[in-house]
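Step one of this worksheet: look at the structure below.
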Amino acid sequence: MRPLPLWLPSLLLCGLGAAASSPDSFSQLAAPLNPRLHLYNDEQILTWEPSPSSNDPRPVVYQVEYSFIDGSWHRLLEPNCTDITETKCDLTGGGRLKLFPHPFTVFLRVRAKRGNLTSKWVGLEPFQHYENVTVGPPKNISVTPGKGSLVIHFSPPFDVFHGATFQYLVHYWEKSETQQEQVEGPFKSNSIVLGNLKPYRVYCLQTEAQLILKNKKIRSHGLLSNVSCHETTANASARLQQVILIPLGIFALLLGLTGACFTLFLKYQIRVKYWFQAPPNIPEQIEEYLKDPDQFILEVLDKDGSPKEDSWDSVSIISSPEKERDDVLQTP
């Protein structure tokens with residue numbers, strides 16, 4: 001048998017030492033999966049998927065740490081995101097940011113822990129809240145119809161600091177079959193008057209907030225609010241038209257009805273007279289004769305008639321042309 005090379009025992013010893021000093025690949029705890037940071041208005045919520053399950057009955061807890069640009073890492077104790085069992089860490093402190101100032105660049109990382117075993121840290125991309133936030137629509141929106149206008153009141157999506165402000169846009173259109181959207185703005189005020197609208201028309205609208213940073217940079221377009229529709233009231237000119245046109249319309253309607261009735265009367269005059277003519281009455285004498293046909297008709301007609309004496313006047317002839325002519329002939 002050939003003797004072993006002198007370098008082989010030393011190589012084996014080195015290999016055994018390295019294996020003893022390195023952890024077993026199966027004893028390493030799996031890291032959390034797919035960490036995501038939700039930035040909406042003033043909310044900052046870190047979520048992740050749990051580590052793959054194993055046969056170890058002990059619970060898995062998670063630890064979250066943060067760092068600023070200096071590179072030193074700190075545990076999250078307020079809010080408590082150290083040794084937690086849920087796969088979420090709410091960094092907003094109950095709805096309003098308390099931990100991370102908005103203009104600061106923040107680094108986050110999370111790892112899993114089971115007993116003495118820990119996983120590798122899983123880091124996220126650094127973020128600045130104002131640079132990466134999703135701006136929601138304005139809150140508490142109320143719309144009051146005006147004279148040919150809509151008055152819109154609202155509050156900002158969230159409170160801003162460090163020189164940041166909001167500006168607002170209004171998207172609106174007349175509710176009809178052909179909707180043509182128009183945009184008014186930007187506005188700095190939380191009260192907007194949408195004027196020059198048609199009276200007694202229904203308009204639908206949505207409001208939008210844009211975050212303006214300290215360097216006057218527009219972060220991005222925000223989310224639109226829900227659609228709401230409102231009907232405008234009459235303006236001064238429309239009311240004046242009503243005051244003038246309504247009486248004229250009533251007068252024209254009455255005049256038209258009068259002319260139509262007169263025309264119908266002329267056209268159906270005979271029928272109208274026939275409809276409104278009283279039915280003929282039978283004379284009383286004839287009615288009695290019809291009740292007793294044995295009577296003579298003349299007697300019935302003369303019944304209850306008092307005999308009337310003939311009346312005349314006396315006339316005397318004083319002269320006549322014939323008599324005058326005879327008198328003239330007899331005169332010698």
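Order determines the names: the first chain of the structure tokens is A, the second B, and so forth; residues in each chain are numbered 1 upward, and ligands are numbered 1 upward as they are shown.
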
- Task: List every residue of range 71-192 of chain A that DSSP, applied to the backbone of this structure, places in alpha helix (DSSP H), and write the result as an NGL selection string.
- Result: :A and (129-132)

- Message: Set the distance at 7 Å and use only C-alpha atoms: which residues neighbour range 143-158 of chain A once local chain neighbours fewer than 4 positions away are removed? I'd like the list as number ranges by chain.
- Response: A: 41-42, 136-139, 190-199, 230-235

- Message: List as a PyMOL selection string the protein and nucleic acid residues near Ser228 in chain A, meaning an atom at most 9 Å away when only C-alpha atoms are counted, but skip any in the same chain fewer than 5 places from it.
- Response: chain A and resi 143+203-206

Suppose we keep N, CA, C and O atoms; can you now write the selection as a PDB file, in the first residue's frame?
```pdb
ATOM      1  N   VAL A 143     -71.134  69.634  -1.223  1.00  0.00           N
ATOM      2  CA  VAL A 143     -71.427  70.451  -2.400  1.00  0.00           C
ATOM      3  C   VAL A 143     -72.760  71.159  -2.185  1.00  0.00           C
ATOM      4  O   VAL A 143     -73.761  70.523  -1.848  1.00  0.00           O
ATOM      5  N   TYR A 203     -74.871  68.370 -12.829  1.00  0.00           N
ATOM      6  CA  TYR A 203     -73.439  68.233 -13.079  1.00  0.00           C
ATOM      7  C   TYR A 203     -72.854  67.207 -12.106  1.00  0.00           C
ATOM      8  O   TYR A 203     -73.215  67.183 -10.924  1.00  0.00           O
ATOM      9  N   CYS A 204     -71.953  66.383 -12.630  1.00  0.00           N
ATOM     10  CA  CYS A 204     -71.239  65.403 -11.810  1.00  0.00           C
ATOM     11  C   CYS A 204     -69.787  65.856 -11.671  1.00  0.00           C
ATOM     12  O   CYS A 204     -69.220  66.457 -12.596  1.00  0.00           O
ATOM     13  N   LEU A 205     -69.180  65.572 -10.523  1.00  0.00           N
ATOM     14  CA  LEU A 205     -67.825  66.065 -10.287  1.00  0.00           C
ATOM     15  C   LEU A 205     -67.037  65.098  -9.421  1.00  0.00           C
ATOM     16  O   LEU A 205     -67.588  64.259  -8.710  1.00  0.00           O
ATOM     17  N   GLN A 206     -65.705  65.240  -9.506  1.00  0.00           N
ATOM     18  CA  GLN A 206     -64.737  64.549  -8.672  1.00  0.00           C
ATOM     19  C   GLN A 206     -63.646  65.541  -8.301  1.00  0.00           C
ATOM     20  O   GLN A 206     -63.261  66.378  -9.119  1.00  0.00           O
TER      21      GLN A 206
END
```

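With only C-alpha atoms as the atoms that count, the minimum distance from Pro186 in chain A to the choices A:Ile141, A:Ala164, A:Ile270, A:Ala209 is reached by A:Ala209.
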
With a distance cut-off of 12 Å and only C-alpha atoms, select the neighbouring residues of Ala112 in chain A, excluding the residue or stretch itself and same-chain residues fewer than 5 positions from it, and output the selection as a compact mmCIF listing (two decimals) with C-alpha atoms, in the first residue's frame.
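File produced: result.txt:
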```txt
# COMPACT_ATOMS: atom_id res chain seq x y z
CA GLN A 28 -30.84 28.11 9.59
CA LEU A 29 -34.36 29.73 10.03
CA ALA A 30 -36.07 30.81 6.82
CA ALA A 31 -36.42 34.55 6.32
CA PRO A 32 -39.75 36.41 5.88
CA LEU A 33 -41.00 36.71 2.32
CA TRP A 48 -44.60 40.58 4.94
CA GLU A 49 -45.43 36.94 4.39
CA PRO A 50 -44.57 34.43 7.15
CA SER A 51 -41.55 32.17 7.04
CA PRO A 52 -42.10 28.66 5.62
CA SER A 53 -43.36 26.27 8.29
CA PRO A 59 -43.65 29.92 17.58
CA VAL A 60 -41.94 32.22 15.12
CA VAL A 61 -41.64 35.89 16.04
CA TYR A 62 -40.43 38.81 13.95
CA GLN A 63 -38.17 41.75 14.56
CA VAL A 64 -38.17 45.07 12.66
CA GLU A 65 -35.34 47.58 12.70
CA CYS A 81 -42.39 45.76 16.35
CA THR A 82 -39.92 43.57 18.22
CA ASP A 83 -40.64 39.86 18.82
CA ILE A 84 -44.18 40.13 17.42
CA THR A 85 -46.16 37.19 16.05
CA GLU A 86 -48.24 39.05 13.46
CA THR A 87 -46.82 39.77 10.04
CA LEU A 117 -32.48 30.62 15.76
CA THR A 118 -32.72 33.73 13.63
CA SER A 119 -33.10 34.25 9.91
CA LYS A 120 -31.27 36.60 7.64
CA TRP A 121 -32.37 40.22 7.54
CA VAL A 122 -34.62 41.15 4.62
```

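Using only C-alpha atoms, the nearest neighbour of Val160 in chain A within the list A:Leu224, A:Leu253, A:Leu213, A:Val202 is A:Leu213.
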
- Pick out the residues sitting within 7 Å of Val170 in chain A, and hand them over as a list in words; count only C-alpha atoms, and ignore anything fewer than 2 positions along from it in its own chain. Tyr168, Tyr172, Val183, Glu184, Gly185, Leu205, Gln206, Thr207 and Glu208 of chain A

Taking C-alpha atoms for each residue, export the selection above as a PDB file, in the first residue's frame.
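Below is the file that was written, selection19.pdb:
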```pdb
ATOM      1  CA  TYR A 168     -56.713  70.883  -5.722  1.00  0.00           C
ATOM      2  CA  TYR A 172     -66.699  67.925 -13.742  1.00  0.00           C
ATOM      3  CA  VAL A 183     -60.942  70.321 -15.318  1.00  0.00           C
ATOM      4  CA  GLU A 184     -60.831  73.471 -13.173  1.00  0.00           C
ATOM      5  CA  GLY A 185     -57.817  74.426 -11.073  1.00  0.00           C
ATOM      6  CA  LEU A 205     -67.825  66.065 -10.287  1.00  0.00           C
ATOM      7  CA  GLN A 206     -64.737  64.549  -8.672  1.00  0.00           C
ATOM      8  CA  THR A 207     -62.063  66.316  -6.633  1.00  0.00           C
ATOM      9  CA  GLU A 208     -58.330  65.622  -6.604  1.00  0.00           C
TER      10      GLU A 208
END
```

- Message: Taking only range 61-211 of chain A into account, list the residues labelled strand (DSSP E) by DSSP (computed from the backbone), as a ChimeraX atom specification.
- Response: /A:61-67,73-75,82-84,88-90,107-114,117-118,122-123,139-146,149-155,165-174,182-187,191-194,202-211
